[in-house]
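Containing mmCIF, C-alpha atoms: query.cif.
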data_input
#
loop_
_atom_site.group_PDB
_atom_site.id
_atom_site.type_symbol
_atom_site.label_atom_id
_atom_site.label_comp_id
_atom_site.auth_asym_id
_atom_site.auth_seq_id
_atom_site.Cartn_x
_atom_site.Cartn_y
_atom_site.Cartn_z
ATOM 1 C CA MET A 1 -25.572 11.544 -17.793
ATOM 2 C CA PRO A 2 -22.045 12.092 -16.496
ATOM 3 C CA GLY A 3 -20.487 9.813 -13.972
ATOM 4 C CA LEU A 4 -21.829 6.493 -15.202
ATOM 5 C CA PRO A 5 -19.435 3.624 -14.513
ATOM 6 C CA ILE A 6 -17.245 2.674 -17.462
ATOM 7 C CA ARG A 7 -15.135 -0.462 -17.356
ATOM 8 C CA ALA A 8 -12.855 -2.311 -19.728
ATOM 9 C CA ALA A 9 -14.657 -4.802 -21.961
ATOM 10 C CA VAL A 10 -13.783 -8.427 -21.235
ATOM 11 C CA ARG A 11 -14.137 -11.644 -23.234
ATOM 12 C CA SER A 12 -17.560 -12.376 -21.708
ATOM 13 C CA ASP A 13 -18.876 -9.054 -23.104
ATOM 14 C CA GLY A 14 -18.958 -10.519 -26.611
ATOM 15 C CA ALA A 15 -22.755 -10.999 -26.608
ATOM 16 C CA PHE A 16 -23.288 -7.441 -25.379
ATOM 17 C CA LEU A 17 -20.972 -6.101 -28.094
ATOM 18 C CA ALA A 18 -23.143 -7.992 -30.575
ATOM 19 C CA ASP A 19 -26.165 -6.160 -29.130
ATOM 20 C CA MET A 20 -24.347 -2.856 -29.572
ATOM 21 C CA THR A 21 -23.408 -3.755 -33.145
ATOM 22 C CA VAL A 22 -27.124 -4.176 -33.815
ATOM 23 C CA GLU A 23 -27.816 -0.793 -32.134
ATOM 24 C CA ALA A 24 -25.115 0.868 -34.250
ATOM 25 C CA ALA A 25 -26.520 -0.647 -37.433
ATOM 26 C CA ASN A 26 -30.092 0.329 -36.476
ATOM 27 C CA TRP A 27 -29.496 3.931 -35.428
ATOM 28 C CA ARG A 28 -32.210 5.251 -37.738
ATOM 29 C CA ALA A 29 -35.686 5.317 -36.125
ATOM 30 C CA GLY A 30 -38.133 3.080 -37.940
ATOM 31 C CA GLY A 31 -35.476 1.329 -40.006
ATOM 32 C CA ALA A 32 -34.543 -1.514 -37.705
ATOM 33 C CA ARG A 33 -33.138 -4.667 -39.249
ATOM 34 C CA PRO A 34 -33.616 -7.880 -37.278
ATOM 35 C CA ARG A 35 -30.744 -8.890 -35.009
ATOM 36 C CA HIS A 36 -30.074 -12.124 -36.915
ATOM 37 C CA GLU A 37 -29.868 -10.203 -40.203
ATOM 38 C CA VAL A 38 -27.315 -7.713 -38.863
ATOM 39 C CA LEU A 39 -25.186 -10.318 -37.103
ATOM 40 C CA SER A 40 -25.197 -12.776 -40.002
ATOM 41 C CA SER A 41 -23.805 -10.123 -42.326
ATOM 42 C CA PRO A 42 -20.027 -10.475 -42.764
ATOM 43 C CA ASP A 43 -19.833 -6.660 -42.836
ATOM 44 C CA HIS A 44 -21.021 -6.496 -39.225
ATOM 45 C CA ARG A 45 -19.921 -9.875 -37.889
ATOM 46 C CA ARG A 46 -16.257 -8.920 -38.448
ATOM 47 C CA TYR A 47 -16.509 -6.395 -35.585
ATOM 48 C CA ILE A 48 -17.378 -9.018 -32.962
ATOM 49 C CA ALA A 49 -16.287 -12.451 -34.192
ATOM 50 C CA GLY A 50 -13.755 -13.920 -31.780
ATOM 51 C CA TRP A 51 -14.009 -10.912 -29.487
ATOM 52 C CA LEU A 52 -10.950 -9.998 -27.506
ATOM 53 C CA ARG A 53 -8.419 -11.265 -29.927
ATOM 54 C CA PRO A 54 -4.951 -9.666 -29.806
ATOM 55 C CA GLY A 55 -5.220 -5.952 -30.611
ATOM 56 C CA ASP A 56 -8.870 -5.633 -29.557
ATOM 57 C CA ALA A 57 -9.796 -3.120 -26.868
ATOM 58 C CA GLY A 58 -13.049 -1.678 -25.634
ATOM 59 C CA PHE A 59 -15.118 -0.208 -22.847
ATOM 60 C CA VAL A 60 -18.623 -0.805 -21.520
ATOM 61 C CA ALA A 61 -20.797 1.828 -19.831
ATOM 62 C CA GLU A 62 -23.189 0.664 -17.132
ATOM 63 C CA SER A 63 -26.357 2.117 -15.676
ATOM 64 C CA PRO A 64 -26.457 3.003 -11.978
ATOM 65 C CA THR A 65 -27.918 -0.476 -11.396
ATOM 66 C CA GLY A 66 -25.015 -2.181 -13.219
ATOM 67 C CA GLU A 67 -26.802 -2.986 -16.486
ATOM 68 C CA PRO A 68 -24.617 -2.588 -19.610
ATOM 69 C CA ILE A 69 -25.989 0.317 -21.654
ATOM 70 C CA GLY A 70 -23.333 1.082 -24.256
ATOM 71 C CA ALA A 71 -19.952 0.058 -25.586
ATOM 72 C CA ALA A 72 -17.134 1.391 -27.728
ATOM 73 C CA TRP A 73 -14.379 -0.849 -29.022
ATOM 74 C CA TYR A 74 -11.804 -1.125 -31.746
ATOM 75 C CA ARG A 75 -10.067 -3.803 -33.679
ATOM 76 C CA MET A 76 -7.517 -4.100 -36.434
ATOM 77 C CA PHE A 77 -8.329 -5.414 -39.879
ATOM 78 C CA PRO A 78 -5.955 -6.675 -42.557
ATOM 79 C CA ARG A 79 -5.833 -5.089 -46.006
ATOM 80 C CA ASP A 80 -7.452 -8.178 -47.566
ATOM 81 C CA GLU A 81 -10.401 -8.164 -45.099
ATOM 82 C CA PRO A 82 -11.065 -4.485 -44.404
ATOM 83 C CA GLY A 83 -13.828 -3.060 -42.254
ATOM 84 C CA PHE A 84 -16.114 -0.191 -43.298
ATOM 85 C CA ALA A 85 -13.486 2.388 -42.256
ATOM 86 C CA TRP A 86 -10.226 0.664 -43.147
ATOM 87 C CA ILE A 87 -7.637 3.315 -44.000
ATOM 88 C CA GLY A 88 -4.376 1.478 -43.493
ATOM 89 C CA THR A 89 -2.423 -1.158 -41.669
ATOM 90 C CA GLY A 90 -1.925 -0.319 -38.011
ATOM 91 C CA VAL A 91 -4.991 1.927 -37.691
ATOM 92 C CA PRO A 92 -7.676 0.474 -35.416
ATOM 93 C CA GLU A 93 -11.266 0.869 -36.519
ATOM 94 C CA LEU A 94 -13.822 1.667 -33.867
ATOM 95 C CA ILE A 95 -17.474 0.911 -33.422
ATOM 96 C CA ILE A 96 -19.792 2.340 -30.824
ATOM 97 C CA GLY A 97 -23.329 1.528 -29.773
ATOM 98 C CA VAL A 98 -25.571 2.873 -27.034
ATOM 99 C CA ARG A 99 -29.035 1.675 -26.061
ATOM 100 C CA PRO A 100 -31.554 4.221 -27.417
ATOM 101 C CA VAL A 101 -32.851 5.352 -24.020
ATOM 102 C CA TRP A 102 -29.284 6.300 -22.991
ATOM 103 C CA ARG A 103 -28.458 8.296 -26.132
ATOM 104 C CA SER A 104 -28.000 12.068 -25.886
ATOM 105 C CA HIS A 105 -26.955 11.834 -22.227
ATOM 106 C CA GLY A 106 -23.171 11.811 -22.717
ATOM 107 C CA THR A 107 -22.790 8.029 -22.644
ATOM 108 C CA GLY A 108 -21.396 7.772 -26.174
ATOM 109 C CA ARG A 109 -19.022 10.690 -25.621
ATOM 110 C CA ALA A 110 -17.670 9.207 -22.384
ATOM 111 C CA LEU A 111 -17.137 5.823 -24.063
ATOM 112 C CA LEU A 112 -15.469 7.429 -27.056
ATOM 113 C CA GLN A 113 -13.120 9.464 -24.856
ATOM 114 C CA HIS A 114 -12.130 6.369 -22.859
ATOM 115 C CA LEU A 115 -11.392 4.472 -26.058
ATOM 116 C CA VAL A 116 -9.389 7.333 -27.567
ATOM 117 C CA ASP A 117 -7.322 7.707 -24.387
ATOM 118 C CA HIS A 118 -6.667 3.963 -24.354
ATOM 119 C CA ALA A 119 -5.621 3.902 -28.019
ATOM 120 C CA ARG A 120 -3.289 6.837 -27.445
ATOM 121 C CA GLY A 121 -1.781 5.022 -24.463
ATOM 122 C CA GLU A 122 -1.221 1.963 -26.650
ATOM 123 C CA GLY A 123 0.771 4.120 -29.060
ATOM 124 C CA TYR A 124 -1.658 4.339 -31.962
ATOM 125 C CA ALA A 125 -1.396 7.466 -34.097
ATOM 126 C CA ARG A 126 -4.971 7.387 -35.458
ATOM 127 C CA LEU A 127 -8.396 5.822 -35.035
ATOM 128 C CA SER A 128 -10.942 5.459 -37.827
ATOM 129 C CA LEU A 129 -14.694 5.002 -37.984
ATOM 130 C CA SER A 130 -17.417 4.854 -40.580
ATOM 131 C CA VAL A 131 -20.672 6.749 -40.229
ATOM 132 C CA GLU A 132 -23.666 7.428 -42.424
ATOM 133 C CA ARG A 133 -23.880 11.149 -43.209
ATOM 134 C CA ASP A 134 -27.333 11.643 -41.709
ATOM 135 C CA ASN A 135 -26.505 9.820 -38.467
ATOM 136 C CA PHE A 136 -26.905 12.150 -35.477
ATOM 137 C CA ALA A 137 -23.574 10.832 -34.127
ATOM 138 C CA VAL A 138 -21.675 12.782 -36.818
ATOM 139 C CA SER A 139 -21.851 15.874 -34.612
ATOM 140 C CA LEU A 140 -20.357 13.902 -31.689
ATOM 141 C CA TYR A 141 -17.481 12.680 -33.830
ATOM 142 C CA ARG A 142 -16.775 16.143 -35.222
ATOM 143 C CA SER A 143 -16.819 17.635 -31.708
ATOM 144 C CA GLU A 144 -14.239 15.010 -30.674
ATOM 145 C CA ALA A 145 -11.911 16.056 -33.547
ATOM 146 C CA PHE A 146 -12.720 13.304 -36.041
ATOM 147 C CA ALA A 147 -12.451 14.561 -39.623
ATOM 148 C CA VAL A 148 -13.766 13.115 -42.875
ATOM 149 C CA VAL A 149 -10.963 11.548 -44.909
ATOM 150 C CA ARG A 150 -13.026 9.603 -47.447
ATOM 151 C CA ARG A 151 -16.531 10.094 -48.771
ATOM 152 C CA GLY A 152 -18.638 7.195 -49.931
ATOM 153 C CA ILE A 153 -22.214 6.800 -51.074
ATOM 154 C CA GLY A 154 -24.113 8.151 -48.060
ATOM 155 C CA ARG A 155 -21.316 7.078 -45.705
ATOM 156 C CA ASP A 156 -18.056 8.741 -44.695
ATOM 157 C CA VAL A 157 -14.833 7.498 -43.149
ATOM 158 C CA MET A 158 -13.611 9.730 -40.327
ATOM 159 C CA VAL A 159 -10.246 9.726 -38.584
ATOM 160 C CA LYS A 160 -8.945 11.187 -35.357
ATOM 161 C CA ARG A 161 -5.232 11.870 -34.994
ATOM 162 C CA LEU A 162 -3.999 10.839 -31.577
ATOM 163 C CA ARG A 163 -0.547 12.452 -31.596
#
Go through the file and emit its structure as structure tokens.
Amino acid sequence: MPGLPIRAAVRSDGAFLADMTVEAANWRAGGARPRHEVLSSPDHRRYIAGWLRPGDAGFVAESPTGEPIGAAWYRMFPRDEPGFAWIGTGVPELIIGVRPVWRSHGTGRALLQHLVDHARGEGYARLSLSVERDNFAVSLYRSEAFAVVRRGIGRDVMVKRLR
């Protein structure tokens, strides 16, 4: 649904980003893991812990009534504590989540484009993400010029060049 309001994520959006981390982890219908299980995992917690630390950036999409419905954000990880899609120092790793009822309406694409434009404006040369191969979002990422740079077991790392 084009034209939904998108705003910069602020410190107080941390709880909503946690919700979107759970959505991202539970993209597969019928395979939902409980919120506490996802958020207690160091693999997922690293994307939201201490939200809005230096180098973090993100955007939140809102419904016409002002309810947050999706978010896309990135953060940097050090070599000794990499995220799922760590490819190198100085390359932010992004995560995106959209409430199920708002998927397939352009919300994720609009968030992704805002985040890419922001990263480019900040001078980053690339953005990375990790996605399971059978996730429907793979087609979105490919259409936005993300390419697979590393294959894993059922999961790929994709990168978009920004310049």
(message) Give me, as an NGL selection string, all polymer residues having an atom no more than 7 Å from region 20-25 of chain A, counting all atoms listed in the file and skipping those fewer than 5 positions away in the same chain.
(response) :A and (35 or 38 or 70-71 or 96-99)
I'd like the neighbourhood of Phe77 (chain A) as a compact mmCIF listing (two decimals) with C-alpha atoms, in the coordinates of the input, where a residue qualifies if any of its atoms comes within 12 Å (using only C-alpha atoms), though same-chain residues fewer than 6 positions away should be ignored.
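What ended up in result-v7.txt:
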# COMPACT_ATOMS: atom_id res chain seq x y z
CA ASP A 43 -19.83 -6.66 -42.84
CA ARG A 46 -16.26 -8.92 -38.45
CA TYR A 47 -16.51 -6.40 -35.58
CA ILE A 48 -17.38 -9.02 -32.96
CA ARG A 53 -8.42 -11.26 -29.93
CA PRO A 54 -4.95 -9.67 -29.81
CA GLY A 55 -5.22 -5.95 -30.61
CA ASP A 56 -8.87 -5.63 -29.56
CA GLY A 83 -13.83 -3.06 -42.25
CA PHE A 84 -16.11 -0.19 -43.30
CA ALA A 85 -13.49 2.39 -42.26
CA TRP A 86 -10.23 0.66 -43.15
CA ILE A 87 -7.64 3.32 -44.00
CA GLY A 88 -4.38 1.48 -43.49
CA THR A 89 -2.42 -1.16 -41.67
CA GLY A 90 -1.92 -0.32 -38.01
CA VAL A 91 -4.99 1.93 -37.69
CA PRO A 92 -7.68 0.47 -35.42
CA GLU A 93 -11.27 0.87 -36.52
CA LEU A 94 -13.82 1.67 -33.87
CA SER A 128 -10.94 5.46 -37.83
(message) Let me make sure I understand: among A:Val101, A:Glu122, A:Asp80, A:Pro5, which one has the smallest atom-to-atom distance to Gly66 (chain A) if we use only C-alpha atoms?
(response)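 Among A:Val101, A:Glu122, A:Asp80, A:Pro5, it is A:Pro5 that comes nearest to Gly66 (chain A).
Protein, DNA and RNA residues at most 7 Å from (-19.0, 4.4, -38.0), with only C-alpha atoms, are these: A:Ile95, A:Leu129, A:Ser130, A:Val131.
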(request) Run through the PyMOL selection byres ((chain A and resi 106) around 10) on the given coordinates and return the selected residues as a count of residues only. (result) 15
(message) Please report the interatomic distance between CA of Phe136 (chain A) and CA of Asp19 (chain A) in Å with one decimal.
(response)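 So the answer is 19.4 Å.
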(request) Return the single residue from A:Ile69, A:Ala61, A:Val148, A:Leu162 that is closest to Leu127 (chain A), with distances computed using only C-alpha atoms. (result) A:Leu162
List the spatial neighbours of Arg151 (chain A) as an mmCIF file with C-alpha atoms, in the frame of the given file - criterion: any atom at most 10 Å away, only C-alpha atoms, same-chain residues fewer than 4 positions off excluded.
data_model
loop_
_atom_site.group_PDB
_atom_site.id
_atom_site.type_symbol
_atom_site.label_atom_id
_atom_site.label_comp_id
_atom_site.auth_asym_id
_atom_site.auth_seq_id
_atom_site.Cartn_x
_atom_site.Cartn_y
_atom_site.Cartn_z
ATOM 1 C CA SER A 130 -17.417 4.854 -40.580
ATOM 2 C CA GLU A 132 -23.666 7.428 -42.424
ATOM 3 C CA ARG A 133 -23.880 11.149 -43.209
ATOM 4 C CA ARG A 155 -21.316 7.078 -45.705
ATOM 5 C CA ASP A 156 -18.056 8.741 -44.695
ATOM 6 C CA VAL A 157 -14.833 7.498 -43.149
ATOM 7 C CA MET A 158 -13.611 9.730 -40.327
#
(request) May I have the residues within 8 Å of Gly14 (chain A) as an MDAnalysis selection string, using all atoms listed in the file and disregarding those fewer than 4 positions away in the same chain? (result) chainID A and resid 10 18 48 51
(request) Name the closest residue to Ala9 (chain A) among the candidates A:Gly58, A:Pro64, A:Gly152, A:Pro100; distances are taken between atoms, counting all atoms listed in the file. (result) A:Gly58
(request) Run the PyMOL selection byres ((chain A and resi 141-146) around 6) mentally over the shown coordinates, then write out the matched residues as a PyMOL selection string, using the chain letters and numbers from the document. (result) chain A and resi 138-140+147+158-160
(message) If I take CA of Pro42 (chain A) and CA of Arg161 (chain A), how far is one from the other in Å, to one decimal?
(response)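 Computing it gives 27.9 Å between the two atoms.
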If you take every atom of region 111-117 of chain A that the file lists and fit an axis-aligned box around them with 8 Å extra on each side, what centre and edge lengths come out in Å to one decimal, as JSON?
{"center_x": -12.2, "center_y": 7.0, "center_z": -25.2, "size_x": 25.8, "size_y": 21.0, "size_z": 20.7}
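The space between CA of His118 (chain A) and CA of Arg11 (chain A) spans 17.3 Å.
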(request) Choose the residue, out of A:Phe16, A:Ala119, A:Val149, A:Ala49, that has the smallest atom-to-atom separation from Glu62 (chain A); count all atoms listed in the file. (result)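 Looking only at the distances to Glu62 (chain A), the closest residue turns out to be A:Phe16.
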